[in-house]
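> So here's model_9.tsv, just TSV, C-alpha atoms:
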chain	number	residue	atom	x	y	z
A	1	SER	CA	-26.31	1.10	16.43
A	2	LYS	CA	-25.21	-0.21	19.79
A	3	GLU	CA	-22.06	-2.26	19.59
A	4	ASP	CA	-21.54	-5.60	21.32
A	5	VAL	CA	-18.34	-4.67	23.09
A	6	SER	CA	-18.04	-7.85	25.19
A	7	LEU	CA	-15.86	-9.65	22.62
A	8	CYS	CA	-13.42	-6.80	22.01
A	9	GLU	CA	-9.84	-7.44	23.00
A	10	ILE	CA	-8.53	-4.72	25.31
A	11	ASP	CA	-5.10	-4.28	26.89
A	12	GLN	CA	-6.27	-2.68	30.13
A	13	PRO	CA	-2.80	-2.01	31.64
A	14	ALA	CA	-1.71	-0.26	28.43
A	15	PHE	CA	-4.94	1.78	28.35
A	16	THR	CA	-4.38	2.88	31.96
A	17	LYS	CA	-0.76	3.82	31.20
A	18	ILE	CA	-1.76	5.89	28.14
A	19	HIS	CA	-4.91	7.55	29.50
A	20	GLY	CA	-4.27	7.55	33.25
A	21	ARG	CA	-7.55	5.90	34.23
A	22	LYS	CA	-8.51	2.38	35.11
A	23	SER	CA	-11.81	2.09	33.24
A	24	ILE	CA	-12.57	2.20	29.55
A	25	ARG	CA	-16.06	3.37	28.61
A	26	LYS	CA	-18.31	1.24	26.43
A	27	GLY	CA	-18.69	4.22	24.08
A	28	GLU	CA	-14.92	4.38	23.62
A	29	ILE	CA	-14.88	0.71	22.66
A	30	GLY	CA	-17.84	1.16	20.31
A	31	VAL	CA	-16.28	4.14	18.51
A	32	TYR	CA	-12.98	2.28	18.19
A	33	GLN	CA	-14.73	-0.76	16.71
A	34	SER	CA	-16.72	1.38	14.26
A	35	HIS	CA	-13.47	2.89	12.93
A	36	LEU	CA	-12.00	-0.61	12.51
A	37	ARG	CA	-15.15	-1.66	10.60
A	38	ALA	CA	-14.86	1.39	8.34
A	39	ILE	CA	-11.18	0.64	7.65
A	40	ASN	CA	-12.04	-3.00	6.89
A	41	SER	CA	-14.82	-1.91	4.51
A	42	PHE	CA	-12.27	0.20	2.67
A	43	LEU	CA	-9.85	-2.75	2.45
A	44	ASN	CA	-12.67	-4.86	1.00
A	45	SER	CA	-13.23	-2.27	-1.73
A	46	ASP	CA	-11.13	-1.54	-4.81
A	47	LYS	CA	-10.59	2.11	-3.85
A	48	ASP	CA	-7.15	3.70	-3.42
A	49	PHE	CA	-8.16	6.09	-0.62
A	50	ALA	CA	-10.76	6.35	2.11
A	51	ILE	CA	-12.09	9.33	3.98
A	52	ILE	CA	-13.46	8.29	7.35
A	53	LEU	CA	-15.81	10.74	9.04
A	54	GLU	CA	-17.58	10.67	12.36
A	55	ASP	CA	-21.14	11.97	12.39
A	56	ASP	CA	-20.17	15.40	13.71
A	57	ALA	CA	-17.64	16.20	10.95
A	58	LEU	CA	-18.68	18.84	8.45
A	59	PRO	CA	-16.73	19.70	5.29
A	60	LEU	CA	-15.51	23.26	4.87
A	61	PRO	CA	-15.94	24.93	1.44
A	62	HIS	CA	-12.40	23.99	0.35
A	63	ALA	CA	-12.68	20.30	1.37
A	64	VAL	CA	-12.99	18.95	-2.19
A	65	SER	CA	-10.00	20.94	-3.46
A	66	THR	CA	-7.99	19.82	-0.42
A	67	ILE	CA	-8.79	16.15	-1.08
A	68	THR	CA	-7.96	16.59	-4.77
A	69	GLN	CA	-4.58	18.08	-3.80
A	70	LEU	CA	-3.91	15.27	-1.32
A	71	ILE	CA	-4.51	12.72	-4.09
A	72	GLU	CA	-1.99	14.59	-6.26
A	73	TRP	CA	0.47	14.44	-3.34
A	74	LYS	CA	-0.31	10.75	-2.66
A	75	SER	CA	3.37	9.74	-2.60
A	76	ASP	CA	3.97	11.95	0.46
A	77	TRP	CA	1.55	10.54	3.04
A	78	ASP	CA	-0.27	7.47	4.44
A	79	ILE	CA	-2.72	9.09	6.87
A	80	VAL	CA	-3.89	12.71	7.03
A	81	PRO	CA	-6.29	14.04	9.64
A	82	LEU	CA	-8.72	16.43	7.96
A	83	PHE	CA	-9.57	17.88	11.38
A	84	HIS	CA	-7.72	17.67	14.69
A	85	PHE	CA	-7.23	19.29	18.05
A	86	HIS	CA	-3.86	20.74	19.14
A	87	SER	CA	-1.64	22.43	16.60
A	88	GLY	CA	1.00	19.69	16.72
A	89	GLY	CA	3.81	22.19	16.04
A	90	PRO	CA	3.54	21.68	12.27
A	91	VAL	CA	6.45	22.06	9.86
A	92	THR	CA	5.56	22.52	6.19
A	93	LEU	CA	6.75	19.75	3.84
A	94	LYS	CA	5.24	21.15	0.64
A	95	HIS	CA	2.55	23.59	-0.35
A	96	SER	CA	0.28	24.77	-3.12
A	97	ASP	CA	-1.27	28.23	-3.32
A	98	SER	CA	-4.01	27.19	-0.92
A	99	LEU	CA	-2.75	24.16	1.05
A	100	LYS	CA	0.22	23.16	3.18
A	101	LEU	CA	1.18	19.53	3.78
A	102	THR	CA	2.84	19.37	7.18
A	103	VAL	CA	4.60	17.10	9.64
A	104	HIS	CA	3.48	17.33	13.27
A	105	LEU	CA	6.25	17.63	15.83
A	106	ALA	CA	3.83	17.26	18.75
A	107	HIS	CA	0.74	15.19	19.58
A	108	ILE	CA	-2.55	15.82	17.78
A	109	SER	CA	-5.90	14.16	18.41
A	110	SER	CA	-9.39	13.67	16.98
A	111	ALA	CA	-10.68	10.82	14.87
A	112	ALA	CA	-13.52	13.00	13.52
A	113	ALA	CA	-12.18	13.10	9.95
A	114	TYR	CA	-9.14	11.56	8.28
A	115	MET	CA	-7.96	10.24	4.94
A	116	ILE	CA	-5.95	7.04	4.52
A	117	ASN	CA	-4.40	5.05	1.72
A	118	ARG	CA	-4.49	1.25	1.40
A	119	HIS	CA	-1.09	0.82	3.05
A	120	ALA	CA	-2.29	2.78	6.09
A	121	ALA	CA	-5.46	0.69	6.29
A	122	GLN	CA	-3.48	-2.58	6.27
A	123	VAL	CA	-1.10	-1.31	8.96
A	124	LEU	CA	-3.87	0.17	11.13
A	125	ILE	CA	-5.92	-3.05	11.10
A	126	LYS	CA	-2.93	-4.85	12.64
A	127	HIS	CA	-1.85	-1.97	14.90
A	128	MET	CA	-5.35	-1.55	16.32
A	129	ALA	CA	-6.29	-5.25	16.64
A	130	VAL	CA	-6.04	-5.00	20.43
A	131	GLN	CA	-7.40	-1.77	21.91
A	132	ARG	CA	-4.72	-0.10	24.02
A	133	ALA	CA	-6.02	3.48	23.71
A	134	CYS	CA	-8.90	5.58	22.47
A	135	VAL	CA	-9.20	5.65	18.68
A	136	ASP	CA	-8.00	9.24	18.31
A	137	HIS	CA	-4.77	8.23	20.02
A	138	ALA	CA	-4.27	4.88	18.27
A	139	LEU	CA	-4.69	6.32	14.76
A	140	PHE	CA	-1.91	8.86	15.17
A	141	GLU	CA	0.72	6.76	16.99
A	142	ASN	CA	3.10	7.06	14.04
A	143	TRP	CA	6.06	6.34	16.34
A	144	ALA	CA	4.50	2.89	16.87
A	145	HIS	CA	2.87	2.05	13.52
A	146	GLY	CA	5.42	3.76	11.27
A	147	LEU	CA	2.88	5.38	8.94
A	148	ARG	CA	3.63	8.72	7.31
A	149	LEU	CA	1.28	10.88	9.36
A	150	ARG	CA	0.92	14.28	7.71
A	151	GLY	CA	-1.17	17.32	8.50
A	152	ILE	CA	-2.82	19.96	6.37
A	153	LEU	CA	-3.29	23.68	6.77
A	154	PRO	CA	-5.96	24.85	6.60
A	155	MET	CA	-7.98	21.89	7.86
A	156	ALA	CA	-10.69	20.63	5.49
A	157	MET	CA	-13.34	19.79	8.11
A	158	GLN	CA	-14.89	21.31	11.17
A	159	LEU	CA	-17.05	19.90	13.94
A	160	SER	CA	-20.76	20.65	13.91
A	161	ALA	CA	-22.18	22.83	16.67
A	162	HIS	CA	-23.68	19.89	18.57
A	163	ALA	CA	-20.24	18.23	18.66
A	164	THR	CA	-19.40	19.97	21.93
A	165	ILE	CA	-21.70	17.48	23.66
A	166	SER	CA	-19.81	14.20	23.60
A	167	THR	CA	-21.89	11.06	23.81
A	168	ILE	CA	-18.80	9.18	24.96
A	169	ASN	CA	-17.96	11.42	27.92
A	170	ALA	CA	-21.60	11.61	28.96
A	171	GLU	CA	-21.67	7.89	29.61
A	172	ASN	CA	-21.23	6.41	33.02
A	173	SER	CA	-17.67	5.11	33.11
A	174	GLY	CA	-18.60	2.35	35.58
Would it be possible to restate this file's structure as structure tokens?


Amino acid sequence: SKEDVSLCEIDQPAFTKIHGRKSIRKGEIGVYQSHLRAINSFLNSDKDFAIILEDDALPLPHAVSTITQLIEWKSDWDIVPLFHFHSGGPVTLKHSDSLKLTVHLAHISSAAAYMINRHAAQVLIKHMAVQRACVDHALFENWAHGLRLRGILPMAMQLSAHATISTINAENSG
């Protein structure tokens, strides 16, 4: 569905500072808004956790066991990307036989697949009310939103083969 992006509140100077370009693409606004809608839907439910997936995220065979382990470790995290780019210089916090829960010492990105708890959802709705960056940046700004961002090794999701063609980057940025 095409988003009506005309009413979205955007901090253009902050976006330029973060991403180094003056224009924000309509697709970037639409994706950002769809993540906010998904987070709001979760908050309107009675669930304890949400897994938010973009349409190009595919679960790996161990995804269910990873999610089960994350629920067991629920006191150790607020938001966990289930897929991301960049290694983030991870340091292991705890581990099972098949999974490591990590802290990233460097930047990671990708909003393709992540798991959040209710606290994270409440914080992110406020943190992301005004768009200052692309969604994959805003979600993981733990220095700004204070959420316990944790990583996992191995990752539980992958991107489908067609994911190398980004519909956002293909758009005219004018």

> Would you list the contacts of stretch 48-52 of chain A as a PyMOL selection string, taking every protein, DNA or RNA residue within 8 Å and counting only C-alpha atoms, but skipping same-chain residues closer than 5 positions in sequence?

chain A and resi 35+38-39+42+112-118

> Please identify all polymer residues within 6 Å of A:Ile152, counting all atoms listed in the file, omitting same-chain residues fewer than 5 positions from it, and present them as an mmCIF file with C-alpha atoms, keeping the file's coordinate frame.


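Produced file selection-v8.cif, reproduced below:
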data_model
loop_
_atom_site.group_PDB
_atom_site.id
_atom_site.type_symbol
_atom_site.label_atom_id
_atom_site.label_comp_id
_atom_site.auth_asym_id
_atom_site.auth_seq_id
_atom_site.Cartn_x
_atom_site.Cartn_y
_atom_site.Cartn_z
ATOM 1 C CA LYS A 100 0.220 23.160 3.180
ATOM 2 C CA LEU A 101 1.180 19.530 3.780
ATOM 3 C CA THR A 102 2.840 19.370 7.180
#

> Using all atoms listed in the file, find the one residue out of A:Ile24, A:Val91, A:Ile79, A:Ala161 that sits nearest to A:Glu141.

A:Ile79

> For the atom pair atom CA of A:Ile125 and atom CA of A:Leu36, what is the interatomic distance in Å to one decimal place?

6.7 Å

> With distances taken over all atoms listed in the file, which residue among A:Ala111, A:Pro59, A:Val64, A:Ala133 lies nearest A:Gly20?

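Going through A:Ala111, A:Pro59, A:Val64, A:Ala133 one by one, the smallest distance to A:Gly20 is for A:Ala133.
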
> Hey, can you check how far atom CA of A:Ala144 sits from atom CA of A:Val31?

20.9 Å

> Pick from A:Asn44, A:Gln12, A:Thr68, A:Ser87: nearest to A:Ile29, with only C-alpha atoms counted?

A:Gln12

> Could you state the separation of atom CA of A:Asp76 and atom CA of A:Leu93 in Å, given to one decimal place?

8.9 Å

> Tell me, as a list in words, which residues lie within 8 Å of A:Phe140, counting all atoms listed in the file; anything in the same chain fewer than 3 positions away does not count.

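Skipping anything fewer than 3 positions along the chain leaves Ile108, Ser109, Asp136, His137 and Leu149 of chain A.
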
> Just C-alpha atoms for this one: save the residues we selected as a PDB file, in the coordinates of the input.


ATOM      1  CA  ILE A 108      -2.550  15.820  17.780  1.00  0.00           C
ATOM      2  CA  SER A 109      -5.900  14.160  18.410  1.00  0.00           C
ATOM      3  CA  ASP A 136      -8.000   9.240  18.310  1.00  0.00           C
ATOM      4  CA  HIS A 137      -4.770   8.230  20.020  1.00  0.00           C
ATOM      5  CA  LEU A 149       1.280  10.880   9.360  1.00  0.00           C
TER       6      LEU A 149
END

> Nearest to A:Ala57: which of A:Gly146, A:Cys134, A:Glu72, A:Leu82 is it, counting only C-alpha atoms?

A:Leu82

> Would you kindly return, as an NGL selection string, each protein, DNA or RNA residue with an atom no farther than 9 Å from any atom of A:Leu124, considering only C-alpha atoms and excluding same-chain residues fewer than 3 positions away?

:A and (36 or 39 or 119-121 or 127-129 or 138-139 or 145 or 147)

> Applying 7 Å and all atoms listed in the file, which residues near A:Ala156 remain after dropping the ones on its own chain fewer than 5 positions away? List them as a compact mmCIF listing (two decimals) with C-alpha atoms, in the frame of the given file.


# COMPACT_ATOMS: atom_id res chain seq x y z
CA PRO A 59 -16.73 19.70 5.29
CA LEU A 60 -15.51 23.26 4.87
CA HIS A 62 -12.40 23.99 0.35
CA ALA A 63 -12.68 20.30 1.37
CA THR A 66 -7.99 19.82 -0.42
CA LEU A 82 -8.72 16.43 7.96
CA PHE A 83 -9.57 17.88 11.38

> Counting only C-alpha atoms, figure out which residue out of A:Cys8, A:Leu43, A:Leu53, A:Leu99 gets nearest to A:Gln69.

A:Leu99

> I need the residue nearest A:Ile18 from this list: A:Asn40, A:Gln158, A:Gln33, A:Gln131. Use all atoms listed in the file for the distance.

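Closest to A:Ile18, using all atoms listed in the file: A:Gln131.
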